[in-house]
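**Student:** Input structure: structure_31.cif, which contains mmCIF, C-alpha atoms and all ligand atoms.
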data_input
#
loop_
_atom_site.label_atom_id
_atom_site.label_comp_id
_atom_site.auth_asym_id
_atom_site.auth_seq_id
_atom_site.Cartn_x
_atom_site.Cartn_y
_atom_site.Cartn_z
CA MET A 1 9.25 -4.27 -20.08
CA SER A 2 8.36 -1.24 -18.02
CA ALA A 3 6.47 -1.76 -14.82
CA GLU A 4 3.19 -0.15 -15.69
CA ARG A 5 3.07 -2.10 -18.93
CA SER A 6 3.39 -5.36 -17.04
CA LEU A 7 -0.16 -5.05 -15.67
CA ALA A 8 -1.54 -3.88 -19.01
CA ASP A 9 0.40 -6.38 -21.13
CA THR A 10 -0.54 -9.28 -18.95
CA SER A 11 -4.17 -8.43 -19.44
CA ARG A 12 -3.77 -8.01 -23.20
CA ARG A 13 -2.03 -11.37 -23.52
CA GLN A 14 -4.92 -13.21 -22.01
CA GLY A 15 -8.27 -13.84 -23.58
CA PRO A 16 -11.54 -12.55 -22.21
CA ASP A 17 -11.77 -15.45 -19.78
CA GLY A 18 -8.06 -15.34 -18.92
CA ASP A 19 -6.51 -14.36 -15.66
CA ASP A 20 -6.18 -10.59 -15.99
CA PRO A 21 -4.57 -9.40 -12.74
CA LEU A 22 -6.71 -6.26 -12.71
CA ASP A 23 -9.87 -8.34 -13.08
CA ARG A 24 -8.72 -10.49 -10.21
CA ILE A 25 -7.84 -7.56 -7.98
CA ALA A 26 -11.13 -5.80 -8.74
CA ALA A 27 -13.16 -8.96 -8.15
CA ALA A 28 -11.42 -9.56 -4.83
CA LEU A 29 -12.03 -5.99 -3.67
CA ARG A 30 -15.69 -6.32 -4.65
CA GLU A 31 -16.21 -9.75 -3.10
CA THR A 32 -13.93 -9.99 -0.06
CA GLY A 33 -12.46 -6.51 0.18
CA TYR A 34 -8.81 -7.52 0.04
CA ILE A 35 -6.26 -9.59 -1.89
CA VAL A 36 -2.71 -10.82 -1.32
CA LEU A 37 -0.59 -10.76 -4.49
CA PRO A 38 2.59 -12.85 -4.14
CA ALA A 39 4.57 -11.17 -6.94
CA PRO A 40 2.71 -8.49 -8.89
CA LEU A 41 5.74 -6.39 -9.92
CA PRO A 42 8.70 -7.13 -12.22
CA PRO A 43 11.74 -8.35 -10.20
CA ALA A 44 14.00 -5.69 -11.76
CA LEU A 45 11.75 -2.93 -10.43
CA LEU A 46 11.71 -4.49 -6.95
CA GLY A 47 15.51 -4.52 -7.00
CA SER A 48 15.66 -0.86 -8.04
CA LEU A 49 13.21 0.15 -5.34
CA LEU A 50 15.18 -1.69 -2.67
CA ARG A 51 18.43 -0.06 -3.82
CA HIS A 52 16.76 3.35 -3.68
CA PHE A 53 15.29 2.61 -0.26
CA ARG A 54 18.70 1.63 1.10
CA SER A 55 20.40 4.66 -0.44
CA ILE A 56 18.29 7.08 1.61
CA ASP A 57 20.00 8.35 4.70
CA ARG A 58 18.34 7.18 7.91
CA ALA A 59 18.09 10.77 9.10
CA ARG A 60 15.74 11.60 6.23
CA PHE A 61 13.10 9.18 7.49
CA GLN A 62 10.61 10.71 9.91
CA ALA A 63 8.80 9.17 12.85
CA ALA A 64 5.36 8.23 11.59
CA GLY A 65 2.28 9.99 12.90
CA ILE A 66 -1.20 8.70 13.59
CA GLY A 67 -4.72 10.09 13.55
CA ARG A 68 -6.90 11.26 10.72
CA GLU A 69 -5.03 10.69 7.47
CA GLN A 70 -1.94 10.05 9.54
CA GLU A 71 -1.55 13.60 10.68
CA HIS A 72 1.33 14.64 12.88
CA GLN A 73 0.30 13.16 16.19
CA LEU A 74 3.14 10.96 17.36
CA ASN A 75 2.29 8.09 19.62
CA GLN A 76 4.99 5.56 20.33
CA PHE A 77 2.45 3.21 21.80
CA VAL A 78 0.63 2.85 18.48
CA ARG A 79 3.47 2.72 15.97
CA THR A 80 7.24 2.92 15.92
CA ASP A 81 8.04 2.79 12.21
CA GLU A 82 9.70 5.60 10.26
CA ILE A 83 8.52 6.87 6.90
CA PHE A 84 9.79 8.66 3.81
CA TRP A 85 7.20 10.17 1.42
CA LEU A 86 7.79 9.37 -2.25
CA ASP A 87 7.67 11.42 -5.43
CA ARG A 88 8.68 10.95 -9.04
CA SER A 89 12.24 12.24 -8.67
CA ASN A 90 13.67 8.71 -8.51
CA PRO A 91 13.22 6.62 -11.70
CA ALA A 92 12.34 3.41 -9.84
CA VAL A 93 9.70 5.25 -7.83
CA ALA A 94 8.40 6.88 -11.01
CA ALA A 95 8.07 3.40 -12.59
CA TYR A 96 6.24 2.17 -9.50
CA LEU A 97 3.91 5.19 -9.60
CA ASN A 98 3.19 4.46 -13.28
CA TRP A 99 2.29 0.90 -12.33
CA ALA A 100 0.01 2.24 -9.58
CA GLU A 101 -1.59 4.58 -12.11
CA THR A 102 -2.46 1.61 -14.33
CA MET A 103 -4.03 0.00 -11.29
CA ARG A 104 -5.94 3.19 -10.42
CA LEU A 105 -7.43 3.42 -13.90
CA GLY A 106 -8.14 -0.32 -13.99
CA LEU A 107 -9.96 -0.23 -10.67
CA ASN A 108 -11.96 2.84 -11.64
CA ARG A 109 -13.00 1.20 -14.89
CA ARG A 110 -14.16 -1.94 -13.14
CA LEU A 111 -15.50 -0.69 -9.81
CA PHE A 112 -16.40 2.97 -10.49
CA LEU A 113 -14.53 4.01 -7.37
CA GLY A 114 -13.63 7.44 -8.67
CA LEU A 115 -10.06 7.07 -7.40
CA PHE A 116 -8.35 10.39 -7.97
CA ASP A 117 -4.72 9.89 -7.02
CA TYR A 118 -2.20 7.71 -5.20
CA GLU A 119 0.11 8.74 -2.39
CA CYS A 120 2.81 6.51 -0.95
CA HIS A 121 5.78 6.34 1.36
CA TYR A 122 8.56 3.98 2.27
CA ALA A 123 8.32 2.59 5.77
CA ARG A 124 11.16 1.11 7.79
CA TYR A 125 10.51 -0.94 10.87
CA ASP A 126 13.70 -1.40 12.80
CA ARG A 127 14.14 -4.38 15.09
CA GLY A 128 11.39 -4.26 17.72
CA SER A 129 9.10 -1.96 15.69
CA TYR A 130 5.35 -2.50 15.28
CA TYR A 131 2.10 -0.79 14.33
CA LYS A 132 -0.84 -1.66 16.58
CA LYS A 133 -4.31 -2.49 15.31
CA HIS A 134 -5.77 0.44 13.37
CA LEU A 135 -7.89 1.51 10.41
CA ASP A 136 -6.29 3.57 7.64
CA ALA A 137 -9.47 5.58 7.14
CA PHE A 138 -12.69 6.41 8.91
CA LYS A 139 -15.94 6.29 7.00
CA GLY A 140 -17.21 9.67 5.89
CA ASN A 141 -14.03 11.33 7.05
CA THR A 142 -11.40 10.29 4.57
CA ASN A 143 -9.92 10.44 1.12
CA ARG A 144 -8.32 7.05 1.47
CA ILE A 145 -10.28 4.29 -0.23
CA VAL A 146 -7.84 1.52 -1.16
CA SER A 147 -4.66 0.72 0.78
CA THR A 148 -1.65 -1.05 -0.71
CA VAL A 149 1.46 -2.40 0.96
CA LEU A 150 4.40 -3.70 -1.07
CA TYR A 151 7.06 -5.55 0.90
CA LEU A 152 10.76 -5.06 0.19
CA THR A 153 12.43 -7.05 2.97
CA PRO A 154 14.94 -9.42 1.35
CA ASN A 155 15.07 -13.03 2.55
CA TRP A 156 12.28 -12.69 5.07
CA GLN A 157 11.92 -15.76 7.33
CA PRO A 158 9.02 -16.66 9.65
CA LYS A 159 11.26 -16.13 12.68
CA ASP A 160 11.68 -12.49 11.60
CA GLY A 161 8.05 -11.66 12.51
CA GLY A 162 6.59 -8.39 11.29
CA GLU A 163 3.59 -10.05 9.65
CA LEU A 164 0.57 -7.95 8.77
CA GLN A 165 -2.48 -9.24 10.60
CA ILE A 166 -5.79 -8.36 8.96
CA TYR A 167 -8.95 -8.45 11.06
CA ALA A 168 -12.52 -8.97 9.93
CA PRO A 169 -14.42 -5.67 9.76
CA ASP A 170 -15.50 -4.52 13.26
CA SER A 171 -13.98 -7.62 14.81
CA ASP A 172 -11.12 -9.17 16.76
CA GLU A 173 -11.06 -12.14 14.42
CA VAL A 174 -7.82 -12.42 12.43
CA ILE A 175 -8.71 -13.37 8.86
CA GLU A 176 -5.28 -13.13 7.24
CA LYS A 177 -1.64 -13.07 8.26
CA VAL A 178 0.48 -11.63 5.46
CA ALA A 179 4.21 -12.38 5.40
CA PRO A 180 6.23 -9.27 4.52
CA ARG A 181 8.06 -11.34 1.93
CA PHE A 182 10.09 -9.53 -0.74
CA GLY A 183 7.84 -8.58 -3.67
CA GLN A 184 4.56 -9.57 -2.02
CA MET A 185 1.77 -7.00 -2.00
CA VAL A 186 -1.53 -6.69 -0.16
CA VAL A 187 -4.42 -4.52 -1.35
CA PHE A 188 -7.44 -3.81 0.84
CA LEU A 189 -10.34 -1.42 1.38
CA SER A 190 -9.02 1.26 3.73
CA GLU A 191 -12.25 1.82 5.65
CA GLU A 192 -13.15 -1.83 6.18
CA PHE A 193 -10.23 -3.75 7.60
CA PRO A 194 -8.51 -3.12 10.90
CA HIS A 195 -4.94 -4.36 10.66
CA GLU A 196 -1.76 -4.56 12.68
CA VAL A 197 1.95 -4.99 12.02
CA LEU A 198 3.34 -7.52 14.49
CA THR A 199 6.70 -6.77 16.07
CA SER A 200 9.47 -7.16 13.54
CA HIS A 201 12.61 -8.90 14.76
CA ARG A 202 14.77 -7.49 11.98
CA PRO A 203 14.68 -4.38 9.77
CA ARG A 204 11.55 -4.52 7.63
CA TYR A 205 11.10 -2.42 4.47
CA SER A 206 7.89 -1.62 2.63
CA VAL A 207 6.06 0.81 0.38
CA THR A 208 2.67 1.79 1.78
CA GLY A 209 0.23 3.64 -0.44
CA TRP A 210 -3.35 4.82 -0.72
CA PHE A 211 -5.63 5.42 -3.65
CA ARG A 212 -7.70 8.45 -2.75
CA VAL A 213 -10.82 10.24 -3.86
CA ASN A 214 -11.02 13.99 -4.15
CA ASN A 215 -13.48 15.39 -1.65
CA SER A 216 -12.68 19.02 -2.22
CA LEU A 217 -15.56 19.71 -4.65
CA GLY A 218 -17.46 21.79 -2.08
CA GLU A 219 -14.60 24.26 -1.87
CA THR A 220 -13.86 24.45 -5.54
CA ILE A 221 -14.38 27.81 -7.14
CA ASP A 222 -16.14 27.08 -10.39
CA PRO A 223 -16.07 28.93 -12.63
CA ALA A 224 -12.65 30.19 -11.65
CA ARG A 225 -12.38 33.88 -10.83
O1 LIG B 1 3.40 -2.52 6.58
C1 LIG B 1 2.32 -3.06 6.72
O2 LIG B 1 2.16 -4.28 6.62
C2 LIG B 1 1.11 -2.21 7.03
C3 LIG B 1 1.41 -0.76 7.29
C4 LIG B 1 0.21 0.03 7.70
O3 LIG B 1 -0.75 -0.51 8.18
C5 LIG B 1 0.16 1.49 7.52
O4 LIG B 1 1.20 2.11 7.24
O5 LIG B 1 -0.94 2.07 7.67
FE FE B 2 -2.43 0.74 8.05
#
Could you write out this file's structure as C-alpha cells?

**Tutor:**
Amino acid sequence: MSAERSLADTSRRQGPDGDDPLDRIAAALRETGYIVLPAPLPPALLGSLLRHFRSIDRARFQAAGIGREQEHQLNQFVRTDEIFWLDRSNPAVAAYLNWAETMRLGLNRRLFLGLFDYECHYARYDRGSYYKKHLDAFKGNTNRIVSTVLYLTPNWQPKDGGELQIYAPDSDEVIEKVAPRFGQMVVFLSEEFPHEVLTSHRPRYSVTGWFRVNNSLGETIDPAR
C-alpha cells in the first residue's frame, strides 16, 4: 500500500465512530495544539527514507540557519544541526510528500486552516548537536502554521539523548518530552509551542516539515496582465 493511501485507507476502514488518524490529529490540534504519533507511516517507507537519508553525501547538508522562517542567519549558540531540503526527485520522498498532502487536505477539511503547501528538510544532528528553545513561527509574521517532525534514528535509546522538549505556550514549563524514536512523529501548532532539541549523544536523523498558508494575496496581480 502506498504511503498516502495508508492515512486515507485507515480512515475508510473504520466506521464513523472509529479511530480515523486524521480525526485524531485534527482533534488534538484543536484541543491541545499538538500530538505525538508513535508510528503513523508504513515501515517500508521509513526504511526507504532512511536509506535515502544515508545515501546523501555529508557535504550536501548545510548548516541550519535561524530567524524568521529560518533565514540564513547562522548562530552556533542556537542550533548546530545540518539540513538538506527535500523535493520529489527521490521516490521515497515523493511518497512521503503524498502522505503529507493527504494530511494537508484532511486538516483543511476538518479545521479550515487554509494550509497551502508543505515544505520539509532532512536534519542531521551529529554527536553533541542541539537546537535551543525556539518557536518555528511568530504570530502575524509567518507562513508556517503546523510543524511536523518525523524521526529516523534507528535503535534510539534513552542514553542517546536528543529528545524534543515541548514547552507550554509562553512558558518555561515542559509539557512533553518526545523520544526521537525511529518512525515516531510529532505534530504541533508552529506559533504556539516553544520547543528545544536536547543534546544528542549520537547521530540523530529526522524529517522536519511545515504546513504553510499563502500570504502573498496582497501582491498578486489579478487579473493577470
Ligand atoms: O528535531 C526536532 O525534534 C525538532 C526540530 C526543530 O525544532 C526545527 O527544526 O525547527
Ligand atoms: Fe523547531

**Student:** What residues have any atom no more than 8 Å from ligand FE 2 (chain B) when counting all atoms listed in the file, and can you list them as JSON, numbers by chain?

**Tutor:** {"A": [131, 134, 135, 136, 147, 190, 194, 195, 196]}

**Student:** Would you output that residue set with C-alpha atoms, as a compact mmCIF listing (two decimals), in the frame of the given file?

**Tutor:**
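See out.txt below for the written result:
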# COMPACT_ATOMS: atom_id res chain seq x y z
CA TYR A 131 2.10 -0.79 14.33
CA HIS A 134 -5.77 0.44 13.37
CA LEU A 135 -7.89 1.51 10.41
CA ASP A 136 -6.29 3.57 7.64
CA SER A 147 -4.66 0.72 0.78
CA SER A 190 -9.02 1.26 3.73
CA PRO A 194 -8.51 -3.12 10.90
CA HIS A 195 -4.94 -4.36 10.66
CA GLU A 196 -1.76 -4.56 12.68

**Student:** Show me which residues line ligand LIG 1 (chain B), defined as having an atom within 6 Å of a ligand atom where all atoms listed in the file count, and present them as a VMD selection string.

**Tutor:** chain A and resid 136 149 164 197 208

**Student:** Do you know which residues are at most 12 Å from Trp156 in chain A counting all atoms listed in the file, after dropping those on the same chain fewer than 3 positions away, and could you put them as a compact mmCIF listing (two decimals) with C-alpha atoms, in the coordinates of the input?

**Tutor:**
# COMPACT_ATOMS: atom_id res chain seq x y z
CA TYR A 151 7.06 -5.55 0.90
CA LEU A 152 10.76 -5.06 0.19
CA THR A 153 12.43 -7.05 2.97
CA LYS A 159 11.26 -16.13 12.68
CA ASP A 160 11.68 -12.49 11.60
CA GLY A 161 8.05 -11.66 12.51
CA GLY A 162 6.59 -8.39 11.29
CA GLU A 163 3.59 -10.05 9.65
CA VAL A 178 0.48 -11.63 5.46
CA ALA A 179 4.21 -12.38 5.40
CA PRO A 180 6.23 -9.27 4.52
CA ARG A 181 8.06 -11.34 1.93
CA PHE A 182 10.09 -9.53 -0.74
CA GLY A 183 7.84 -8.58 -3.67
CA GLN A 184 4.56 -9.57 -2.02
CA SER A 200 9.47 -7.16 13.54
CA HIS A 201 12.61 -8.90 14.76
CA ARG A 202 14.77 -7.49 11.98
CA PRO A 203 14.68 -4.38 9.77
CA ARG A 204 11.55 -4.52 7.63
CA TYR A 205 11.10 -2.42 4.47

**Student:** Can you measure CA of Ile145 in chain A to CA of Leu113 in chain A for me? One decimal in Å is fine.

**Tutor:**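 Result for CA of Ile145 in chain A versus CA of Leu113 in chain A: 8.3 Å, one decimal.
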
**Student:** Find the distance between CA of Arg212 in chain A and CA of Trp99 in chain A and write it in Å to one decimal.

**Tutor:**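 Going from CA of Arg212 in chain A over to CA of Trp99 in chain A, I get 15.8 Å.
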
**Student:** Around range 198-208 of chain A, with edges along x, y and z and 4 Å added on all six sides, what centre and edge lengths do you get, in Å to one decimal, as lines of an AutoDock Vina configuration file?

**Tutor:**
center_x = 8.7
center_y = -3.6
center_z = 8.2
size_x = 20.1
size_y = 18.7
size_z = 23.7

**Student:** May I ask which of the residues A:Lys139, A:Phe116, A:Phe77, A:Thr148 is the closest one to Ser216 in chain A, counting all atoms listed in the file?

**Tutor:** A:Phe116

**Student:** Which polymer residues have any atom within 7 Å of an atom of Ser129 in chain A, counting all atoms listed in the file, with same-chain residues fewer than 5 positions away left out, as a list of chain:residue names?

**Tutor:** A:Thr80, A:Asp81, A:Thr199, A:Ser200

**Student:** Okay, now the selection with C-alpha atoms, as an mmCIF file, in the coordinates of the input?

**Tutor:**
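Generated output (out.cif):
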data_model
loop_
_atom_site.group_PDB
_atom_site.id
_atom_site.type_symbol
_atom_site.label_atom_id
_atom_site.label_comp_id
_atom_site.auth_asym_id
_atom_site.auth_seq_id
_atom_site.Cartn_x
_atom_site.Cartn_y
_atom_site.Cartn_z
ATOM 1 C CA THR A 80 7.240 2.920 15.920
ATOM 2 C CA ASP A 81 8.040 2.790 12.210
ATOM 3 C CA THR A 199 6.700 -6.770 16.070
ATOM 4 C CA SER A 200 9.470 -7.160 13.540
#

**Student:** My list of candidates is A:Gly65, A:Ile56, A:Ile166, A:Ser48. Which is closest to Arg79 in chain A when distances are computed with all atoms listed in the file?

**Tutor:**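 Once distances to Arg79 in chain A are computed over all atoms listed in the file, the minimum belongs to A:Gly65.
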
**Student:** Write out as a list in words which residues come within 9 Å of Tyr167 in chain A when counting only C-alpha atoms, dropping same-chain ones fewer than 3 positions away.

**Tutor:** Lys133, Asp170, Ser171, Asp172, Glu173, Val174, Ile175, Glu176, Phe193, Pro194, His195 and Glu196 of chain A

**Student:** Counting all atoms listed in the file, figure out which residue out of A:Arg58, A:His121, A:Arg110, A:Arg51 gets nearest to Arg30 in chain A.

**Tutor:**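 Nearest candidate to Arg30 in chain A out of A:Arg58, A:His121, A:Arg110, A:Arg51: A:Arg110.
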
**Student:** Take CA of Ala64 in chain A and CA of Glu82 in chain A and report the distance between them in Å, one decimal.

**Tutor:**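 Straight-line distance from CA of Ala64 in chain A to CA of Glu82 in chain A works out to 5.2 Å.
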
**Student:** Hey, what's within 12 Å of range 91-98 of chain A if we count all atoms listed in the file and toss same-chain stuff fewer than 3 positions away? As a PyMOL selection string, please?

**Tutor:** chain A and resi 1-8+40-53+85-88+101-105+117-122+150+207-211

**Student:** With only C-alpha atoms as the atoms that count, which of A:Ser206, A:Ala26, A:Asp57, A:Glu192 lies nearest to Ala137 in chain A?

**Tutor:**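 When distances to Ala137 in chain A are compared using only C-alpha atoms, the smallest one comes from A:Glu192.
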
**Student:** With only C-alpha atoms as the basis for distance, which of A:Val78, A:Ala123, A:Leu198, A:Val213 is at the shortest distance from Arg144 in chain A?

**Tutor:**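 Looking at the shortest contact to Arg144 in chain A, the residue is A:Val213.
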